[in-house]
Amino acid sequence: MSKTKTAGSQLKTLSDFYHRNGYVLVQNASRQKKEGRKYKKGDEVRLVALSMTELRQIRKLLADAGFKGGRPFKTVNRYRQPVYGREQVQRFLDLVGPRKKLAAPKAKKR
């Protein structure tokens, strides 16, 4: 990434990656209460990269913004970059904004 980019444009790029195909996983509080320590899922953001180059860019943007990313992993032909922890997830969403909800597809008339 060019050093001439400002923090605002870096944040915009990170936001674009999230809004393109990132997602948030939230801990199920009732399941946590019922299962206790057996239920180990927590809050996380996952950003999806289409290439190793994009993954490197996402990791750099996260580090520059002060986030500690988890270990990236590959699924089929995409790379996922997780960001773990309720505080980090909340700070991330405060910076990039919530995902825009897509309209449900209209039913086909027959």
# chains A, B, ... in the order shown; residues from 1 in each chain; ligands from 1
>>> residues_around(residues="stretch 19-24 of chain A", least_positions_apart="5", cutoff="6 Å", atoms="only C-alpha atoms", output="ChimeraX atom specification")
/A:44-48,99
>>> select_by_dssp(residues="stretch 31-109 of chain A", states="alpha helix (DSSP H)", output="MDAnalysis selection string")
chainID A and resid 31:35 52:64 86:96
>>> write_last_selection(atoms="N, CA and C atoms", output="PDB file, in the first residue's frame")
ATOM      1  N   ARG A  31     -26.969 -20.096  25.040  1.00  0.00           N
ATOM      2  CA  ARG A  31     -26.239 -21.356  24.922  1.00  0.00           C
ATOM      3  C   ARG A  31     -25.012 -21.350  25.839  1.00  0.00           C
ATOM      4  N   GLN A  32     -24.357 -20.214  25.948  1.00  0.00           N
ATOM      5  CA  GLN A  32     -23.206 -20.077  26.833  1.00  0.00           C
ATOM      6  C   GLN A  32     -23.620 -20.334  28.281  1.00  0.00           C
ATOM      7  N   LYS A  33     -24.769 -19.782  28.658  1.00  0.00           N
ATOM      8  CA  LYS A  33     -25.273 -19.955  30.022  1.00  0.00           C
ATOM      9  C   LYS A  33     -25.629 -21.416  30.292  1.00  0.00           C
ATOM     10  N   LYS A  34     -26.248 -22.061  29.302  1.00  0.00           N
ATOM     11  CA  LYS A  34     -26.703 -23.440  29.469  1.00  0.00           C
ATOM     12  C   LYS A  34     -25.531 -24.431  29.458  1.00  0.00           C
ATOM     13  N   GLU A  35     -24.588 -24.244  28.524  1.00  0.00           N
ATOM     14  CA  GLU A  35     -23.506 -25.217  28.352  1.00  0.00           C
ATOM     15  C   GLU A  35     -22.241 -24.869  29.134  1.00  0.00           C
ATOM     16  N   MET A  52      -4.114 -13.992  -1.975  1.00  0.00           N
ATOM     17  CA  MET A  52      -3.108 -13.809  -0.929  1.00  0.00           C
ATOM     18  C   MET A  52      -2.682 -12.342  -0.849  1.00  0.00           C
ATOM     19  N   THR A  53      -2.690 -11.644  -1.968  1.00  0.00           N
ATOM     20  CA  THR A  53      -2.361 -10.219  -1.975  1.00  0.00           C
ATOM     21  C   THR A  53      -3.386  -9.429  -1.174  1.00  0.00           C
ATOM     22  N   GLU A  54      -4.656  -9.706  -1.391  1.00  0.00           N
ATOM     23  CA  GLU A  54      -5.709  -9.042  -0.609  1.00  0.00           C
ATOM     24  C   GLU A  54      -5.580  -9.373   0.877  1.00  0.00           C
ATOM     25  N   LEU A  55      -5.252 -10.623   1.187  1.00  0.00           N
ATOM     26  CA  LEU A  55      -5.096 -11.018   2.583  1.00  0.00           C
ATOM     27  C   LEU A  55      -3.985 -10.206   3.250  1.00  0.00           C
ATOM     28  N   ARG A  56      -2.862 -10.060   2.567  1.00  0.00           N
ATOM     29  CA  ARG A  56      -1.761  -9.255   3.115  1.00  0.00           C
ATOM     30  C   ARG A  56      -2.204  -7.813   3.321  1.00  0.00           C
ATOM     31  N   GLN A  57      -2.958  -7.285   2.378  1.00  0.00           N
ATOM     32  CA  GLN A  57      -3.457  -5.910   2.488  1.00  0.00           C
ATOM     33  C   GLN A  57      -4.399  -5.776   3.689  1.00  0.00           C
ATOM     34  N   ILE A  58      -5.305  -6.718   3.856  1.00  0.00           N
ATOM     35  CA  ILE A  58      -6.243  -6.694   4.984  1.00  0.00           C
ATOM     36  C   ILE A  58      -5.480  -6.757   6.299  1.00  0.00           C
ATOM     37  N   ARG A  59      -4.497  -7.653   6.390  1.00  0.00           N
ATOM     38  CA  ARG A  59      -3.720  -7.788   7.627  1.00  0.00           C
ATOM     39  C   ARG A  59      -2.977  -6.504   7.962  1.00  0.00           C
ATOM     40  N   LYS A  60      -2.432  -5.838   6.950  1.00  0.00           N
ATOM     41  CA  LYS A  60      -1.727  -4.575   7.177  1.00  0.00           C
ATOM     42  C   LYS A  60      -2.698  -3.490   7.623  1.00  0.00           C
ATOM     43  N   LEU A  61      -3.855  -3.406   6.971  1.00  0.00           N
ATOM     44  CA  LEU A  61      -4.862  -2.414   7.354  1.00  0.00           C
ATOM     45  C   LEU A  61      -5.326  -2.623   8.797  1.00  0.00           C
ATOM     46  N   LEU A  62      -5.541  -3.873   9.186  1.00  0.00           N
ATOM     47  CA  LEU A  62      -5.965  -4.170  10.550  1.00  0.00           C
ATOM     48  C   LEU A  62      -4.886  -3.755  11.555  1.00  0.00           C
ATOM     49  N   ALA A  63      -3.644  -4.100  11.253  1.00  0.00           N
ATOM     50  CA  ALA A  63      -2.544  -3.740  12.157  1.00  0.00           C
ATOM     51  C   ALA A  63      -2.404  -2.229  12.264  1.00  0.00           C
ATOM     52  N   ASP A  64      -2.502  -1.529  11.142  1.00  0.00           N
ATOM     53  CA  ASP A  64      -2.395  -0.065  11.146  1.00  0.00           C
ATOM     54  C   ASP A  64      -3.524   0.576  11.956  1.00  0.00           C
ATOM     55  N   ARG A  86     -14.838  -9.597  21.932  1.00  0.00           N
ATOM     56  CA  ARG A  86     -15.996  -8.709  21.938  1.00  0.00           C
ATOM     57  C   ARG A  86     -15.586  -7.239  21.799  1.00  0.00           C
ATOM     58  N   GLU A  87     -14.526  -6.825  22.514  1.00  0.00           N
ATOM     59  CA  GLU A  87     -14.102  -5.424  22.470  1.00  0.00           C
ATOM     60  C   GLU A  87     -13.588  -5.048  21.078  1.00  0.00           C
ATOM     61  N   GLN A  88     -12.775  -5.937  20.485  1.00  0.00           N
ATOM     62  CA  GLN A  88     -12.259  -5.651  19.145  1.00  0.00           C
ATOM     63  C   GLN A  88     -13.377  -5.621  18.108  1.00  0.00           C
ATOM     64  N   VAL A  89     -14.327  -6.550  18.228  1.00  0.00           N
ATOM     65  CA  VAL A  89     -15.456  -6.597  17.291  1.00  0.00           C
ATOM     66  C   VAL A  89     -16.257  -5.307  17.386  1.00  0.00           C
ATOM     67  N   GLN A  90     -16.542  -4.870  18.613  1.00  0.00           N
ATOM     68  CA  GLN A  90     -17.328  -3.647  18.792  1.00  0.00           C
ATOM     69  C   GLN A  90     -16.589  -2.434  18.243  1.00  0.00           C
ATOM     70  N   ARG A  91     -15.285  -2.348  18.517  1.00  0.00           N
ATOM     71  CA  ARG A  91     -14.494  -1.216  18.006  1.00  0.00           C
ATOM     72  C   ARG A  91     -14.445  -1.234  16.479  1.00  0.00           C
ATOM     73  N   PHE A  92     -14.310  -2.442  15.900  1.00  0.00           N
ATOM     74  CA  PHE A  92     -14.291  -2.576  14.445  1.00  0.00           C
ATOM     75  C   PHE A  92     -15.600  -2.080  13.848  1.00  0.00           C
ATOM     76  N   LEU A  93     -16.722  -2.534  14.420  1.00  0.00           N
ATOM     77  CA  LEU A  93     -18.033  -2.136  13.890  1.00  0.00           C
ATOM     78  C   LEU A  93     -18.276  -0.641  14.076  1.00  0.00           C
ATOM     79  N   ASP A  94     -17.767  -0.074  15.168  1.00  0.00           N
ATOM     80  CA  ASP A  94     -17.890   1.374  15.371  1.00  0.00           C
ATOM     81  C   ASP A  94     -17.132   2.141  14.287  1.00  0.00           C
ATOM     82  N   LEU A  95     -16.011   1.596  13.837  1.00  0.00           N
ATOM     83  CA  LEU A  95     -15.206   2.268  12.808  1.00  0.00           C
ATOM     84  C   LEU A  95     -15.788   2.117  11.405  1.00  0.00           C
ATOM     85  N   VAL A  96     -16.211   0.897  11.053  1.00  0.00           N
ATOM     86  CA  VAL A  96     -16.631   0.653   9.667  1.00  0.00           C
ATOM     87  C   VAL A  96     -18.136   0.695   9.474  1.00  0.00           C
TER      88      VAL A  96
END
>>> closest_residue(among="A:Lys12, A:Arg78, A:Lys68, A:Lys41", to="A:Val26", atoms="only C-alpha atoms")
A:Lys41
>>> closest_residue(among="A:Ser51, A:Lys40, A:Leu14, A:Ser9", to="A:Phe73", atoms="only C-alpha atoms")
A:Ser51
>>> closest_residue(among="A:Ser30, A:Pro98, A:Leu50, A:Leu11", to="A:Thr75", atoms="only C-alpha atoms")
A:Leu50
>>> atom_distance(atom1="atom CA of A:Tyr84", atom2="atom CA of A:Thr13")
20.0 Å
>>> select_by_dssp(residues="stretch 1-93 of chain A", states="strand (DSSP E or B)", output="MDAnalysis selection string")
chainID A and resid 23:25 44:49 73:75 78:84
>>> write_last_selection(atoms="C-alpha atoms", output="tab-separated table (two decimals), in the first residue's frame")
chain	number	residue	atom	x	y	z
A	23	TYR	CA	-19.32	-10.98	8.42
A	24	VAL	CA	-19.68	-11.06	12.20
A	25	LEU	CA	-20.19	-14.07	14.44
A	44	GLU	CA	-15.49	-12.37	15.91
A	45	VAL	CA	-15.32	-10.47	12.64
A	46	ARG	CA	-14.19	-12.32	9.53
A	47	LEU	CA	-12.90	-10.49	6.50
A	48	VAL	CA	-12.76	-12.45	3.26
A	49	ALA	CA	-9.88	-12.05	0.81
A	73	PHE	CA	-7.22	-19.63	7.16
A	74	LYS	CA	-8.15	-20.78	3.68
A	75	THR	CA	-11.55	-22.13	2.62
A	78	ARG	CA	-10.76	-17.72	-0.40
A	79	TYR	CA	-8.84	-16.58	2.64
A	80	ARG	CA	-10.52	-15.61	5.92
A	81	GLN	CA	-8.96	-13.16	8.37
A	82	PRO	CA	-10.59	-13.34	11.81
A	83	VAL	CA	-10.54	-10.64	14.46
A	84	TYR	CA	-11.44	-12.13	17.84
>>> closest_residue(among="A:Gly85, A:Gly66, A:Gly8, A:Gly97", to="A:Gln27", atoms="only C-alpha atoms")
A:Gly85
>>> atom_distance(atom1="atom CA of A:Ala7", atom2="atom CA of A:Asp43")
25.7 Å
>>> decode(residues="stretch 2-110 of chain A", atoms="C-alpha atoms", output="JSON list (two decimals), in the first residue's frame")
[["chain", "number", "residue", "atom", "x", "y", "z"],
["A", 2, "SER", "CA", 1.26, 3.47, -0.80],
["A", 3, "LYS", "CA", 2.46, 5.58, 2.13],
["A", 4, "THR", "CA", 0.59, 8.56, 0.67],
["A", 5, "LYS", "CA", -2.74, 7.06, 1.68],
["A", 6, "THR", "CA", -4.27, 8.76, 4.67],
["A", 7, "ALA", "CA", -5.74, 7.03, 7.71],
["A", 8, "GLY", "CA", -9.19, 7.91, 6.37],
["A", 9, "SER", "CA", -8.60, 6.17, 3.07],
["A", 10, "GLN", "CA", -7.11, 3.14, 4.87],
["A", 11, "LEU", "CA", -10.25, 2.95, 6.99],
["A", 12, "LYS", "CA", -12.37, 3.28, 3.84],
["A", 13, "THR", "CA", -10.49, 0.39, 2.23],
["A", 14, "LEU", "CA", -10.93, -1.76, 5.34],
["A", 15, "SER", "CA", -14.62, -0.84, 5.40],
["A", 16, "ASP", "CA", -14.95, -1.78, 1.71],
["A", 17, "PHE", "CA", -13.49, -5.24, 2.39],
["A", 18, "TYR", "CA", -15.95, -5.75, 5.26],
["A", 19, "HIS", "CA", -18.99, -4.51, 3.35],
["A", 20, "ARG", "CA", -18.06, -6.56, 0.27],
["A", 21, "ASN", "CA", -18.22, -9.97, 1.96],
["A", 22, "GLY", "CA", -17.13, -9.79, 5.60],
["A", 23, "TYR", "CA", -19.32, -10.98, 8.42],
["A", 24, "VAL", "CA", -19.68, -11.06, 12.20],
["A", 25, "LEU", "CA", -20.19, -14.07, 14.44],
["A", 26, "VAL", "CA", -21.74, -13.34, 17.85],
["A", 27, "GLN", "CA", -21.70, -15.56, 20.91],
["A", 28, "ASN", "CA", -25.06, -17.13, 21.77],
["A", 29, "ALA", "CA", -25.55, -15.96, 25.38],
["A", 30, "SER", "CA", -28.31, -18.46, 26.23],
["A", 31, "ARG", "CA", -26.24, -21.36, 24.92],
["A", 32, "GLN", "CA", -23.21, -20.08, 26.83],
["A", 33, "LYS", "CA", -25.27, -19.96, 30.02],
["A", 34, "LYS", "CA", -26.70, -23.44, 29.47],
["A", 35, "GLU", "CA", -23.51, -25.22, 28.35],
["A", 36, "GLY", "CA", -20.96, -23.23, 30.36],
["A", 37, "ARG", "CA", -17.32, -23.91, 29.53],
["A", 38, "LYS", "CA", -18.21, -26.50, 26.87],
["A", 39, "TYR", "CA", -19.47, -23.71, 24.58],
["A", 40, "LYS", "CA", -16.30, -21.95, 23.47],
["A", 41, "LYS", "CA", -17.54, -19.75, 20.65],
["A", 42, "GLY", "CA", -17.00, -16.02, 21.04],
["A", 43, "ASP", "CA", -17.52, -12.83, 19.07],
["A", 44, "GLU", "CA", -15.49, -12.37, 15.91],
["A", 45, "VAL", "CA", -15.32, -10.47, 12.64],
["A", 46, "ARG", "CA", -14.19, -12.32, 9.53],
["A", 47, "LEU", "CA", -12.90, -10.49, 6.50],
["A", 48, "VAL", "CA", -12.76, -12.45, 3.26],
["A", 49, "ALA", "CA", -9.88, -12.05, 0.81],
["A", 50, "LEU", "CA", -10.04, -13.31, -2.75],
["A", 51, "SER", "CA", -6.24, -13.64, -3.05],
["A", 52, "MET", "CA", -3.11, -13.81, -0.93],
["A", 53, "THR", "CA", -2.36, -10.22, -1.97],
["A", 54, "GLU", "CA", -5.71, -9.04, -0.61],
["A", 55, "LEU", "CA", -5.10, -11.02, 2.58],
["A", 56, "ARG", "CA", -1.76, -9.26, 3.12],
["A", 57, "GLN", "CA", -3.46, -5.91, 2.49],
["A", 58, "ILE", "CA", -6.24, -6.69, 4.98],
["A", 59, "ARG", "CA", -3.72, -7.79, 7.63],
["A", 60, "LYS", "CA", -1.73, -4.57, 7.18],
["A", 61, "LEU", "CA", -4.86, -2.41, 7.35],
["A", 62, "LEU", "CA", -5.97, -4.17, 10.55],
["A", 63, "ALA", "CA", -2.54, -3.74, 12.16],
["A", 64, "ASP", "CA", -2.39, -0.06, 11.15],
["A", 65, "ALA", "CA", -5.83, 0.45, 12.73],
["A", 66, "GLY", "CA", -4.65, -1.18, 15.98],
["A", 67, "PHE", "CA", -6.39, -4.55, 15.67],
["A", 68, "LYS", "CA", -4.77, -7.85, 16.54],
["A", 69, "GLY", "CA", -5.91, -10.28, 13.88],
["A", 70, "GLY", "CA", -6.10, -14.01, 14.45],
["A", 71, "ARG", "CA", -4.48, -16.63, 12.27],
["A", 72, "PRO", "CA", -5.89, -16.47, 8.73],
["A", 73, "PHE", "CA", -7.22, -19.63, 7.16],
["A", 74, "LYS", "CA", -8.15, -20.78, 3.68],
["A", 75, "THR", "CA", -11.55, -22.13, 2.62],
["A", 76, "VAL", "CA", -11.76, -23.52, -0.90],
["A", 77, "ASN", "CA", -10.46, -20.56, -2.94],
["A", 78, "ARG", "CA", -10.76, -17.72, -0.40],
["A", 79, "TYR", "CA", -8.84, -16.58, 2.64],
["A", 80, "ARG", "CA", -10.52, -15.61, 5.92],
["A", 81, "GLN", "CA", -8.96, -13.16, 8.37],
["A", 82, "PRO", "CA", -10.59, -13.34, 11.81],
["A", 83, "VAL", "CA", -10.54, -10.64, 14.46],
["A", 84, "TYR", "CA", -11.44, -12.13, 17.84],
["A", 85, "GLY", "CA", -12.87, -10.64, 21.01],
["A", 86, "ARG", "CA", -16.00, -8.71, 21.94],
["A", 87, "GLU", "CA", -14.10, -5.42, 22.47],
["A", 88, "GLN", "CA", -12.26, -5.65, 19.14],
["A", 89, "VAL", "CA", -15.46, -6.60, 17.29],
["A", 90, "GLN", "CA", -17.33, -3.65, 18.79],
["A", 91, "ARG", "CA", -14.49, -1.22, 18.01],
["A", 92, "PHE", "CA", -14.29, -2.58, 14.45],
["A", 93, "LEU", "CA", -18.03, -2.14, 13.89],
["A", 94, "ASP", "CA", -17.89, 1.37, 15.37],
["A", 95, "LEU", "CA", -15.21, 2.27, 12.81],
["A", 96, "VAL", "CA", -16.63, 0.65, 9.67],
["A", 97, "GLY", "CA", -20.35, 0.68, 10.45],
["A", 98, "PRO", "CA", -22.81, -2.21, 10.35],
["A", 99, "ARG", "CA", -23.37, -4.26, 7.22],
["A", 100, "LYS", "CA", -26.18, -3.06, 5.05],
["A", 101, "LYS", "CA", -29.01, -5.56, 5.03],
["A", 102, "LEU", "CA", -29.86, -6.96, 1.66],
["A", 103, "ALA", "CA", -33.47, -7.06, 0.56],
["A", 104, "ALA", "CA", -34.97, -10.52, 0.51],
["A", 105, "PRO", "CA", -35.40, -11.88, -3.00],
["A", 106, "LYS", "CA", -38.90, -11.56, -4.35],
["A", 107, "ALA", "CA", -40.85, -14.74, -4.83],
["A", 108, "LYS", "CA", -41.40, -15.76, -8.43],
["A", 109, "LYS", "CA", -44.98, -15.64, -9.62],
["A", 110, "ARG", "CA", -46.21, -18.68, -11.44]]
